Amino acid sequence: MILLLPTAFAATLSGTVTGADGSPLAGVDIVAYDARLNYAAARTTTDGGFTITNVPAGRYRLRALPSDSDPHVDRFLPDTWDFCAADVFTVASADAVDALDFGLPRGGEITGRLLGGDGAPVPEAQVLAIGASERSALVSRLGTVDADGAFSIVGLDGEPDALEPYLVYVGATGWPRQYLGPSYTDDDAGEVLVSPDGSTPLGDRTLLDGITVTGTVAGPDGPVPGGTVYVFSSSQVISVDIEADGTYVADGLPPGNVVPWASADGLATTYYPNADRPGESLSAPDEGQVLDGADLRLPFENTLTVQILGEGDRSDVSVLLYNDTLSVGRGAPVAEDGTVTIDALHPGTYSLFVYGADVGSTDDFVRDTSGAVRDIVVDGATTLDVEMPAGAGFSGTVRDDAGAPVYGAYVYSTTADGENTEVAVTDAEGVYTLGGLPGGIYTLRASYAHYCDNDPGFVTVYWPDALQPDDALVTTLAVGEGRADVDFVLFQDGDHDAMGDAWEAEHGLDPERDDAGEDPDGDGYLNVEEWVLGSDPTGPAVGPGAVCGSGCGAGAGGALVWMVPLLARRRRSAA
């Protein structure tokens, strides 16, 4: 989700928020989500009022989010927990929509106390209640823990006169992240049943202590007196400082296969025991285990200094240096003059990916004269000059079949070998730009992902006007070529059945329900197949032997990739 930026001639949305007793609620965040989940927001004042300004024209759903300490629940307007069931407000530029009023009921509460394995309280932890049903899936509330380990989580929503399941997730310094149960996974976590108008006391709950990993970090000159060790186990990572004598202690990881690695000034970042990438691991399967001897040996660092050639400020370029298996990547900031030094490297063969679209070059690996990804051998202090080719690209608009811009459509460019796909998203005017592409052969498609069944939908189209990949126009871009006016028209599809609404209405189908799998004329072709073929779905039954039947060419043409084999066609190409 992206915060909507201020815009001229924008709308305002205003209203009030009151609590269960009718009193105004201050400090409640009101979020207006648009059709693509971008948002604008405001916070209620002491009188419970709010005004969201600078709201661009569009469709919005509103949500009230009380603070974690507020016992009231969060809701979508008018009074629903379901995003898709919320009222949709369509606003134009400069509209002022008021009386958007929320009345929030109080929610349920979970209380308890956290203890360590030694029986001592666990202070200053974080406890998070996470909804564990469809009804509470969007609910998460953070609780407070006092010095005695006591906690309270409030504002938990649920159906009236019912018990709603929640999971309680705990994060505390020195303990693994875990669910109360106790468990390290949500599958084994204990569900806490909460009444929306009551309190569920859990009493004292003892946390799993996890494992402890200890070791030493040595360099070519002996113990490393500073730096950081990172330790991974069972999807959790913690970081600890290296002590002055080169030792480290990492407390509070779940049992599992352990992989430590370390970084320190002047030395190469190293994975256990002395590698440039994850490989060997240590086994610590038992709760409470102390794993000693997880020692690391760091060689002196190698560096790669890259000069990105070109004119002007090149600080908007970014780079990632990958090892020969692409399993580890390292980056660093690029200076205005195009220089960047990547340090803490082991000697070896690397490849460099340069993101240069923002300065007019490609987003691509550095390549040799044959076009293959260039091997970069790093040994000691290595330097490299890089001149990236000018970036090619496509730009244009996406509109629907009524001529309106489609906001939030995805436009994809895919290389001829199918291995690389880039994507751009249309703005509110339906405009997109796909830049930074290497010269080559591409196909393009535009699609739209709806979030709710009552949201607009559109049929995917392959450029210029096809419904299946084999009918897409294959387009060759020269190095640095910018091809504009690559425009798409998406067919409105409000019932999300992969058929255009206007075509359905024209041929007597129902554009308000999914009737793609029906065959009203009994000719052996489903409605969606007739849409693809351009034939009449309600015309005389002609049987599967006649592909078009009567009315051939009346529809959109093209085909979906999963359609009957006879729909496949030879690919067209254009220079």
# chains A, B, ... in the order shown; residues from 1 in each chain; ligands from 1

$ closest_atom_pairs --of "segment 260-318 of chain A" --to "segment 220-237 of chain A" --cutoff "10 Å" --atoms "only C-alpha atoms" --output "tab-separated table"
residue	atom	partner	partner_atom	distance
A:Pro260	CA	A:Val231	CA	4.2
A:Trp261	CA	A:Tyr230	CA	5.3
A:Ala262	CA	A:Val229	CA	4.3
A:Ser263	CA	A:Thr228	CA	5.5
A:Ala264	CA	A:Gly227	CA	4.3
A:Asp265	CA	A:Gly227	CA	7.0
A:Leu267	CA	A:Pro220	CA	9.1
A:Thr269	CA	A:Val229	CA	9.7
A:Thr270	CA	A:Val229	CA	9.6
A:Tyr271	CA	A:Tyr230	CA	9.3
A:Tyr272	CA	A:Val231	CA	9.8
A:Ser281	CA	A:Ser233	CA	9.5
A:Leu282	CA	A:Ser233	CA	9.5
A:Ser283	CA	A:Ser233	CA	9.4
A:Ala284	CA	A:Ser233	CA	8.8
A:Ala294	CA	A:Val231	CA	9.8
A:Leu296	CA	A:Val229	CA	9.3
A:Arg297	CA	A:Pro220	CA	8.1
A:Leu298	CA	A:Pro220	CA	7.2
A:Pro299	CA	A:Pro220	CA	6.0
A:Phe300	CA	A:Pro220	CA	7.0

$ residues_around --residues "Asp204 of chain A" --least-positions-apart "4" --cutoff "9 Å" --atoms "only C-alpha atoms" --output "list of chain:residue names"
A:Gly112, A:Arg113, A:Leu114, A:Leu115, A:Ala150

$ select_by_dssp --residues "segment 266-346 of chain A" --states "strand (DSSP E or B)" --output "number ranges by chain"
A: 267, 270-271, 275, 282-284, 290-291, 296-297, 300, 302-308, 318-322, 329-330, 339-345

$ residues_around --residues "segment 315-323 of chain A" --least-positions-apart "4" --cutoff "8 Å" --atoms "only C-alpha atoms" --output "ChimeraX atom specification"
/A:327-338,342,348-359

$ write_last_selection --atoms "N, CA and C atoms" --output "short mmCIF file (atom, residue, chain, number, x, y, z; two decimals), in the first residue's frame"
data_model
loop_
_atom_site.label_atom_id
_atom_site.label_comp_id
_atom_site.auth_asym_id
_atom_site.auth_seq_id
_atom_site.Cartn_x
_atom_site.Cartn_y
_atom_site.Cartn_z
N SER A 327 23.35 -16.83 -5.00
CA SER A 327 22.75 -17.11 -3.70
C SER A 327 22.96 -15.99 -2.70
N VAL A 328 23.94 -15.12 -2.93
CA VAL A 328 24.20 -13.99 -2.04
C VAL A 328 24.47 -12.77 -2.90
N GLY A 329 23.82 -11.66 -2.57
CA GLY A 329 24.04 -10.41 -3.28
C GLY A 329 24.43 -9.31 -2.30
N ARG A 330 25.33 -8.45 -2.73
CA ARG A 330 25.77 -7.33 -1.89
C ARG A 330 25.70 -6.04 -2.69
N GLY A 331 25.30 -4.97 -2.03
CA GLY A 331 25.22 -3.68 -2.70
C GLY A 331 25.86 -2.60 -1.85
N ALA A 332 25.91 -1.39 -2.39
CA ALA A 332 26.44 -0.22 -1.69
C ALA A 332 25.94 1.01 -2.44
N PRO A 333 25.90 2.17 -1.76
CA PRO A 333 25.42 3.39 -2.43
C PRO A 333 26.36 3.83 -3.56
N VAL A 334 25.78 4.36 -4.61
CA VAL A 334 26.54 4.89 -5.74
C VAL A 334 26.66 6.40 -5.57
N ALA A 335 27.88 6.91 -5.72
CA ALA A 335 28.12 8.35 -5.57
C ALA A 335 27.66 9.10 -6.83
N GLU A 336 27.59 10.42 -6.73
CA GLU A 336 27.14 11.23 -7.87
C GLU A 336 28.01 11.01 -9.10
N ASP A 337 29.31 10.76 -8.89
CA ASP A 337 30.19 10.58 -10.04
C ASP A 337 30.18 9.15 -10.57
N GLY A 338 29.30 8.30 -10.00
CA GLY A 338 29.15 6.95 -10.52
C GLY A 338 30.05 5.91 -9.89
N ILE A 342 32.14 -2.00 -3.25
CA ILE A 342 31.50 -3.10 -2.53
C ILE A 342 32.60 -3.83 -1.78
N GLY A 348 36.72 -14.38 -5.64
CA GLY A 348 35.88 -15.28 -6.41
C GLY A 348 35.35 -14.64 -7.66
N THR A 349 34.45 -15.35 -8.32
CA THR A 349 33.83 -14.89 -9.56
C THR A 349 32.43 -14.39 -9.26
N TYR A 350 32.13 -13.20 -9.72
CA TYR A 350 30.87 -12.54 -9.43
C TYR A 350 30.20 -12.06 -10.71
N SER A 351 28.94 -11.67 -10.59
CA SER A 351 28.24 -10.96 -11.66
C SER A 351 27.58 -9.74 -11.05
N LEU A 352 27.47 -8.68 -11.84
CA LEU A 352 26.99 -7.39 -11.34
C LEU A 352 25.72 -6.99 -12.06
N PHE A 353 24.68 -6.76 -11.27
CA PHE A 353 23.42 -6.25 -11.82
C PHE A 353 23.34 -4.76 -11.54
N VAL A 354 23.07 -3.99 -12.59
CA VAL A 354 23.00 -2.53 -12.48
C VAL A 354 21.57 -2.08 -12.77
N TYR A 355 20.98 -1.34 -11.83
CA TYR A 355 19.65 -0.76 -12.01
C TYR A 355 19.86 0.67 -12.50
N GLY A 356 19.77 0.86 -13.81
CA GLY A 356 20.09 2.15 -14.38
C GLY A 356 18.95 2.86 -15.06
N ALA A 357 17.73 2.34 -14.94
CA ALA A 357 16.60 2.94 -15.65
C ALA A 357 16.39 4.40 -15.29
N ASP A 358 16.66 4.75 -14.03
CA ASP A 358 16.41 6.13 -13.59
C ASP A 358 17.37 7.13 -14.23
N VAL A 359 18.48 6.67 -14.82
CA VAL A 359 19.40 7.58 -15.51
C VAL A 359 19.45 7.27 -17.01
#

$ residues_around --residues "Ala132 of chain A" --least-positions-apart "6" --cutoff "9 Å" --atoms "only C-alpha atoms" --output "VMD selection string"
chain A and resid 139 164 to 167 191

$ atom_distance --atom1 "atom CA of Pro254 of chain A" --atom2 "atom CA of Ser140 of chain A"
23.5 Å

$ closest_residue --among "A:Tyr60, A:Trp531, A:Phe491, A:Phe102" --to "Pro78 of chain A" --atoms "only C-alpha atoms"
A:Phe102
